[in-house]
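Structure file upload-v6.pdb with PDB, C-alpha atoms:
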```pdb
MODEL        1
ATOM      1  CA  MET K  76     -91.757-125.552 -15.630  1.00  0.00           C
ATOM      2  CA  HIS K  77     -94.694-125.452 -18.056  1.00  0.00           C
ATOM      3  CA  GLU K  78     -96.208-128.489 -19.766  1.00  0.00           C
ATOM      4  CA  SER K  79     -94.537-129.574 -22.981  1.00  0.00           C
ATOM      5  CA  LYS K  80     -96.668-130.707 -25.886  1.00  0.00           C
ATOM      6  CA  GLY K  81     -94.861-134.062 -25.890  1.00  0.00           C
ATOM      7  CA  SER K  82     -92.350-136.059 -23.904  1.00  0.00           C
ATOM      8  CA  PHE K  83     -90.427-139.316 -24.022  1.00  0.00           C
ATOM      9  CA  ASN K  84     -89.664-141.209 -20.840  1.00  0.00           C
ATOM     10  CA  GLY K  85     -87.595-144.374 -20.881  1.00  0.00           C
ATOM     11  CA  TYR K  86     -85.763-146.713 -18.557  1.00  0.00           C
ATOM     12  CA  PHE K  87     -82.400-148.108 -19.574  1.00  0.00           C
ATOM     13  CA  ARG K  88     -79.803-150.443 -18.072  1.00  0.00           C
ATOM     14  CA  SER K  89     -76.479-148.648 -17.746  1.00  0.00           C
ATOM     15  CA  PRO K  90     -73.204-150.380 -18.677  1.00  0.00           C
ATOM     16  CA  GLN K  91     -72.771-150.948 -14.920  1.00  0.00           C
ATOM     17  CA  GLY K  92     -76.200-152.663 -14.684  1.00  0.00           C
ATOM     18  CA  ASN K  93     -78.109-149.824 -13.009  1.00  0.00           C
ATOM     19  CA  LYS K  94     -81.669-148.851 -13.933  1.00  0.00           C
ATOM     20  CA  ASP K  95     -81.492-145.281 -15.295  1.00  0.00           C
ATOM     21  CA  GLN K  96     -84.438-143.095 -16.300  1.00  0.00           C
ATOM     22  CA  PHE K  97     -84.250-140.487 -19.070  1.00  0.00           C
ATOM     23  CA  THR K  98     -86.891-137.924 -20.037  1.00  0.00           C
ATOM     24  CA  LEU K  99     -86.838-135.753 -23.152  1.00  0.00           C
ATOM     25  CA  ARG K 100     -89.374-132.946 -23.516  1.00  0.00           C
ATOM     26  CA  GLN K 101     -90.581-131.656 -26.861  1.00  0.00           C
ATOM     27  CA  GLU K 102     -89.674-128.010 -27.366  1.00  0.00           C
ATOM     28  CA  ASP K 103     -92.541-125.581 -27.991  1.00  0.00           C
ATOM     29  CA  ASP K 104     -91.502-124.838 -31.576  1.00  0.00           C
ATOM     30  CA  GLN K 105     -90.397-128.422 -32.398  1.00  0.00           C
ATOM     31  CA  SER K 106     -92.488-130.464 -34.860  1.00  0.00           C
ATOM     32  CA  ASP K 107     -93.628-133.945 -33.895  1.00  0.00           C
ATOM     33  CA  ALA K 108     -91.442-135.451 -36.641  1.00  0.00           C
ATOM     34  CA  ASP K 109     -88.377-133.592 -35.365  1.00  0.00           C
ATOM     35  CA  PHE K 110     -89.121-134.703 -31.811  1.00  0.00           C
ATOM     36  CA  VAL K 111     -89.391-138.356 -32.868  1.00  0.00           C
ATOM     37  CA  ALA K 112     -86.079-138.023 -34.753  1.00  0.00           C
ATOM     38  CA  ARG K 113     -84.527-136.513 -31.615  1.00  0.00           C
ATOM     39  CA  VAL K 114     -85.765-139.422 -29.472  1.00  0.00           C
ATOM     40  CA  ARG K 115     -84.371-141.944 -31.976  1.00  0.00           C
ATOM     41  CA  ALA K 116     -81.008-140.167 -32.042  1.00  0.00           C
ATOM     42  CA  PHE K 117     -80.949-140.122 -28.233  1.00  0.00           C
ATOM     43  CA  ASN K 118     -81.701-143.868 -28.094  1.00  0.00           C
ATOM     44  CA  ASP K 119     -78.906-144.502 -30.623  1.00  0.00           C
ATOM     45  CA  LEU K 120     -76.515-142.402 -28.519  1.00  0.00           C
ATOM     46  CA  LEU K 121     -77.387-144.383 -25.388  1.00  0.00           C
ATOM     47  CA  ALA K 122     -76.884-147.708 -27.224  1.00  0.00           C
ATOM     48  CA  ALA K 123     -73.523-146.552 -28.601  1.00  0.00           C
ATOM     49  CA  ASN K 124     -72.422-145.856 -25.032  1.00  0.00           C
ATOM     50  CA  GLY K 125     -73.504-149.213 -23.603  1.00  0.00           C
ATOM     51  CA  TRP K 126     -77.066-148.621 -22.391  1.00  0.00           C
ATOM     52  CA  THR K 127     -79.791-151.129 -23.279  1.00  0.00           C
ATOM     53  CA  GLU K 128     -83.553-150.775 -22.983  1.00  0.00           C
ATOM     54  CA  TRP K 129     -84.882-151.847 -19.609  1.00  0.00           C
ATOM     55  CA  ASN K 130     -87.441-154.612 -20.057  1.00  0.00           C
ATOM     56  CA  GLY K 131     -90.574-153.491 -18.201  1.00  0.00           C
ATOM     57  CA  SER K 132     -91.031-156.895 -16.577  1.00  0.00           C
ATOM     58  CA  GLU K 133     -87.679-156.606 -14.803  1.00  0.00           C
ATOM     59  CA  SER K 134     -88.781-154.049 -12.263  1.00  0.00           C
ATOM     60  CA  SER K 135     -92.457-154.863 -11.831  1.00  0.00           C
ATOM     61  CA  ALA K 136     -92.678-158.624 -12.388  1.00  0.00           C
ATOM     62  CA  PRO K 137     -93.858-160.969  -9.662  1.00  0.00           C
ATOM     63  CA  ALA K 138     -91.133-162.801  -7.779  1.00  0.00           C
ATOM     64  CA  ALA K 139     -91.777-165.996  -9.724  1.00  0.00           C
ATOM     65  CA  ALA K 140     -90.998-164.378 -13.086  1.00  0.00           C
ATOM     66  CA  SER K 141     -87.623-164.921 -14.703  1.00  0.00           C
ATOM     67  CA  PRO K 142     -85.199-162.024 -14.999  1.00  0.00           C
ATOM     68  CA  THR K 143     -84.273-160.917 -18.506  1.00  0.00           C
ATOM     69  CA  SER K 144     -81.151-159.689 -20.271  1.00  0.00           C
ATOM     70  CA  ASN K 145     -80.880-157.412 -23.317  1.00  0.00           C
ATOM     71  CA  GLY K 146     -78.194-156.558 -25.833  1.00  0.00           C
ATOM     72  CA  ASN K 147     -77.652-159.805 -27.776  1.00  0.00           C
ATOM     73  CA  SER K 148     -77.639-160.278 -31.542  1.00  0.00           C
ATOM     74  CA  PHE K 149     -76.886-162.757 -34.323  1.00  0.00           C
ATOM     75  CA  GLU K 150     -76.800-162.824 -38.119  1.00  0.00           C
ATOM     76  CA  VAL K 151     -80.070-164.017 -39.655  1.00  0.00           C
ATOM     77  CA  GLU K 152     -79.924-167.065 -41.916  1.00  0.00           C
ATOM     78  CA  SER K 153     -83.643-167.845 -42.186  1.00  0.00           C
ATOM     79  CA  ILE K 154     -87.123-167.023 -40.874  1.00  0.00           C
ATOM     80  CA  LYS K 155     -89.865-169.637 -40.600  1.00  0.00           C
ATOM     81  CA  LEU K 156     -93.437-169.765 -39.312  1.00  0.00           C
ATOM     82  CA  ALA K 157     -93.490-171.911 -36.170  1.00  0.00           C
ATOM     83  CA  ALA K 158     -97.183-171.683 -35.255  1.00  0.00           C
ATOM     84  CA  GLY K 159    -100.062-170.159 -37.183  1.00  0.00           C
ATOM     85  CA  GLY K 160    -103.670-169.451 -36.342  1.00  0.00           C
ATOM     86  CA  GLU K 161    -104.873-166.420 -34.408  1.00  0.00           C
ATOM     87  CA  HIS K 162    -101.508-165.938 -32.682  1.00  0.00           C
ATOM     88  CA  PRO K 163     -98.796-166.682 -35.253  1.00  0.00           C
ATOM     89  CA  ARG K 164     -95.249-167.132 -34.011  1.00  0.00           C
ATOM     90  CA  TRP K 165     -92.171-167.114 -36.190  1.00  0.00           C
ATOM     91  CA  VAL K 166     -88.631-168.279 -35.474  1.00  0.00           C
ATOM     92  CA  VAL K 167     -85.484-166.567 -36.671  1.00  0.00           C
ATOM     93  CA  LYS K 168     -82.508-168.880 -37.191  1.00  0.00           C
ATOM     94  CA  GLY K 169     -78.832-168.032 -37.337  1.00  0.00           C
ATOM     95  CA  GLY K 170     -75.671-167.782 -35.241  1.00  0.00           C
ATOM     96  CA  ASN K 171     -75.861-170.233 -32.331  1.00  0.00           C
ATOM     97  CA  PHE K 172     -79.572-170.782 -32.993  1.00  0.00           C
ATOM     98  CA  LEU K 173     -79.554-172.689 -36.289  1.00  0.00           C
ATOM     99  CA  LYS K 174     -81.450-175.715 -34.991  1.00  0.00           C
ATOM    100  CA  TYR K 175     -84.440-174.198 -33.152  1.00  0.00           C
ATOM    101  CA  GLY K 176     -84.166-170.463 -33.750  1.00  0.00           C
ATOM    102  CA  VAL K 177     -85.427-167.639 -31.531  1.00  0.00           C
ATOM    103  CA  THR K 178     -89.109-166.687 -31.256  1.00  0.00           C
ATOM    104  CA  CYS K 179     -90.144-163.632 -33.267  1.00  0.00           C
ATOM    105  CA  TRP K 180     -93.624-162.092 -33.118  1.00  0.00           C
ATOM    106  CA  PRO K 181     -95.343-160.665 -36.224  1.00  0.00           C
ATOM    107  CA  GLU K 182     -95.122-157.057 -35.010  1.00  0.00           C
ATOM    108  CA  THR K 183     -91.314-157.300 -34.992  1.00  0.00           C
ATOM    109  CA  LEU K 184     -91.348-158.519 -38.604  1.00  0.00           C
ATOM    110  CA  GLU K 185     -93.764-155.727 -39.537  1.00  0.00           C
ATOM    111  CA  ALA K 186     -91.561-153.086 -37.896  1.00  0.00           C
ATOM    112  CA  ALA K 187     -88.626-154.368 -39.975  1.00  0.00           C
ATOM    113  CA  GLY K 188     -90.732-154.124 -43.147  1.00  0.00           C
ATOM    114  CA  ILE K 189     -90.426-157.792 -44.109  1.00  0.00           C
ATOM    115  CA  ALA K 190     -93.622-159.399 -42.784  1.00  0.00           C
ATOM    116  CA  ASP K 191     -95.406-159.236 -46.141  1.00  0.00           C
ATOM    117  CA  LYS K 192     -92.373-160.726 -47.940  1.00  0.00           C
ATOM    118  CA  LEU K 193     -92.355-163.992 -45.933  1.00  0.00           C
ATOM    119  CA  ASP K 194     -93.955-167.199 -47.173  1.00  0.00           C
ATOM    120  CA  PRO K 195     -95.532-169.031 -44.190  1.00  0.00           C
ATOM    121  CA  LEU K 196     -95.188-172.366 -45.996  1.00  0.00           C
ATOM    122  CA  LYS K 197     -91.408-172.368 -46.314  1.00  0.00           C
ATOM    123  CA  GLU K 198     -88.160-171.429 -44.619  1.00  0.00           C
ATOM    124  CA  ASN K 199     -87.434-167.877 -45.838  1.00  0.00           C
ATOM    125  CA  THR K 200     -83.966-166.548 -46.549  1.00  0.00           C
ATOM    126  CA  PRO K 201     -84.155-162.756 -46.391  1.00  0.00           C
ATOM    127  CA  SER K 202     -82.343-160.856 -49.127  1.00  0.00           C
ATOM    128  CA  GLY K 203     -79.394-158.834 -47.919  1.00  0.00           C
ATOM    129  CA  HIS K 204     -77.569-159.010 -44.604  1.00  0.00           C
ATOM    130  CA  TRP K 205     -79.839-158.967 -41.506  1.00  0.00           C
ATOM    131  CA  VAL K 206     -79.067-158.975 -37.786  1.00  0.00           C
ATOM    132  CA  ALA K 207     -81.561-160.119 -35.146  1.00  0.00           C
ATOM    133  CA  HIS K 208     -81.438-158.410 -31.738  1.00  0.00           C
ATOM    134  CA  TYR K 209     -82.940-160.513 -28.953  1.00  0.00           C
ATOM    135  CA  THR K 210     -83.510-160.676 -25.220  1.00  0.00           C
ATOM    136  CA  GLU K 211     -82.642-163.538 -22.907  1.00  0.00           C
ATOM    137  CA  ARG K 212     -84.370-164.872 -19.804  1.00  0.00           C
ATOM    138  CA  GLN K 213     -83.308-167.206 -17.046  1.00  0.00           C
ATOM    139  CA  ASN K 214     -84.901-170.622 -17.423  1.00  0.00           C
ATOM    140  CA  ASP K 215     -86.040-172.881 -14.566  1.00  0.00           C
ATOM    141  CA  GLU K 216     -82.500-174.253 -14.207  1.00  0.00           C
ATOM    142  CA  GLY K 217     -81.083-170.732 -13.791  1.00  0.00           C
ATOM    143  CA  ARG K 218     -79.362-170.706 -17.205  1.00  0.00           C
ATOM    144  CA  TRP K 219     -79.752-167.841 -19.645  1.00  0.00           C
ATOM    145  CA  ALA K 220     -81.731-168.780 -22.767  1.00  0.00           C
ATOM    146  CA  PRO K 221     -82.961-166.739 -25.739  1.00  0.00           C
ATOM    147  CA  ASP K 222     -86.420-165.276 -25.131  1.00  0.00           C
ATOM    148  CA  LYS K 223     -87.500-163.388 -28.257  1.00  0.00           C
ATOM    149  CA  VAL K 224     -86.277-161.286 -31.163  1.00  0.00           C
ATOM    150  CA  ILE K 225     -87.039-157.658 -30.368  1.00  0.00           C
ATOM    151  CA  ARG K 226     -85.658-156.017 -33.520  1.00  0.00           C
ATOM    152  CA  LEU K 227     -84.481-157.001 -36.993  1.00  0.00           C
ATOM    153  CA  GLU K 228     -81.980-154.723 -38.667  1.00  0.00           C
ATOM    154  CA  ARG K 229     -80.768-154.720 -42.260  1.00  0.00           C
ATOM    155  CA  VAL K 230     -77.026-154.065 -42.291  1.00  0.00           C
ATOM    156  CA  GLY K 231     -75.050-152.689 -45.224  1.00  0.00           C
ATOM    157  CA  GLY K 232     -76.298-152.364 -48.776  1.00  0.00           C
TER     158      GLY K 232
ENDMDL
END
```

Hey, can you dump this file as structure tokens for me?
Amino acid sequence: MHESKGSFNGYFRSPQGNKDQFTLRQEDDQSDADFVARVRAFNDLLAANGWTEWNGSESSAPAAASPTSNGNSFEVESIKLAAGGEHPRWVVKGGNFLKYGVTCWPETLEAAGIADKLDPLKENTPSGHWVAHYTERQNDEGRWAPDKVIRLERVGG
């Protein structure tokens, strides 16, 4: 097999909990934009059939690290700056997390296209219907707790 000009390699947790690896190779005559669209469609197909992204720390983390879980979501009610400075941290509130919220890093807000619309001095209510997708981790007591928002998705019109 000859080298492709691009490839996507990803690890996913199957519906049965197994770590599965998938590789897509860019076809010789395929544009970069078409290849990216193909990867996105493939990821959507996996998600629709019960696969979730494998968190890289699950397979290579030291023994003391907490395991993580993917595939959780809640409806967003508000977004608020929790800590500023050089390493700002936001919290997304909604669902079962109205009191404290779930940590959300600026790059997640930027990827959703709403970072520049948020006022750091107030609790922001995003316009439209938004869903926050988050990961969980096991805390020191062995209970699952929300870890961070990994994606914000606008749903509907």

Practice item. Would you write out, as number ranges by chain, every residue that the PyMOL selection byres ((chain K and resi 84) around 10) captures in this file? Key: K: 82-83, 85-86, 96-100, 114

Revision key, fill the gap. Atom pair CA of Arg218 in chain K + CA of Arg88 in chain K, distance 20.3 Å

Practice item. Please provide as number ranges by chain all residues within 12 Å of range 161-166 of chain K, with the sequence filter that same-chain residues fewer than 4 positions apart are discarded (counting all atoms listed in the file). Key: K: 151-157, 172-185, 190, 193-199, 207, 209, 221-225

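Atom pair CA of Ala122 in chain K / CA of Trp219 in chain K has a distance of 21.7 Å (rounded to one decimal).
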
Hey, could you pull the box centre and edge lengths for range 190-199 of chain K, axis-aligned, 4 Å padding per side, all listed atoms, to one decimal in Å, as JSON?
```
{"center_x": -91.5, "center_y": -165.8, "center_z": -45.4, "size_x": 16.1, "size_y": 21.1, "size_z": 13.2}
```

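With all atoms listed in the file as the basis for measurement, K:Ser89 is the residue among K:Ser79, K:Asn171, K:Ser202, K:Ser89 that approaches Trp129 in chain K most closely.
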
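Between CA of Gly92 in chain K and CA of Gly125 in chain K the interatomic distance comes to 9.9 Å.
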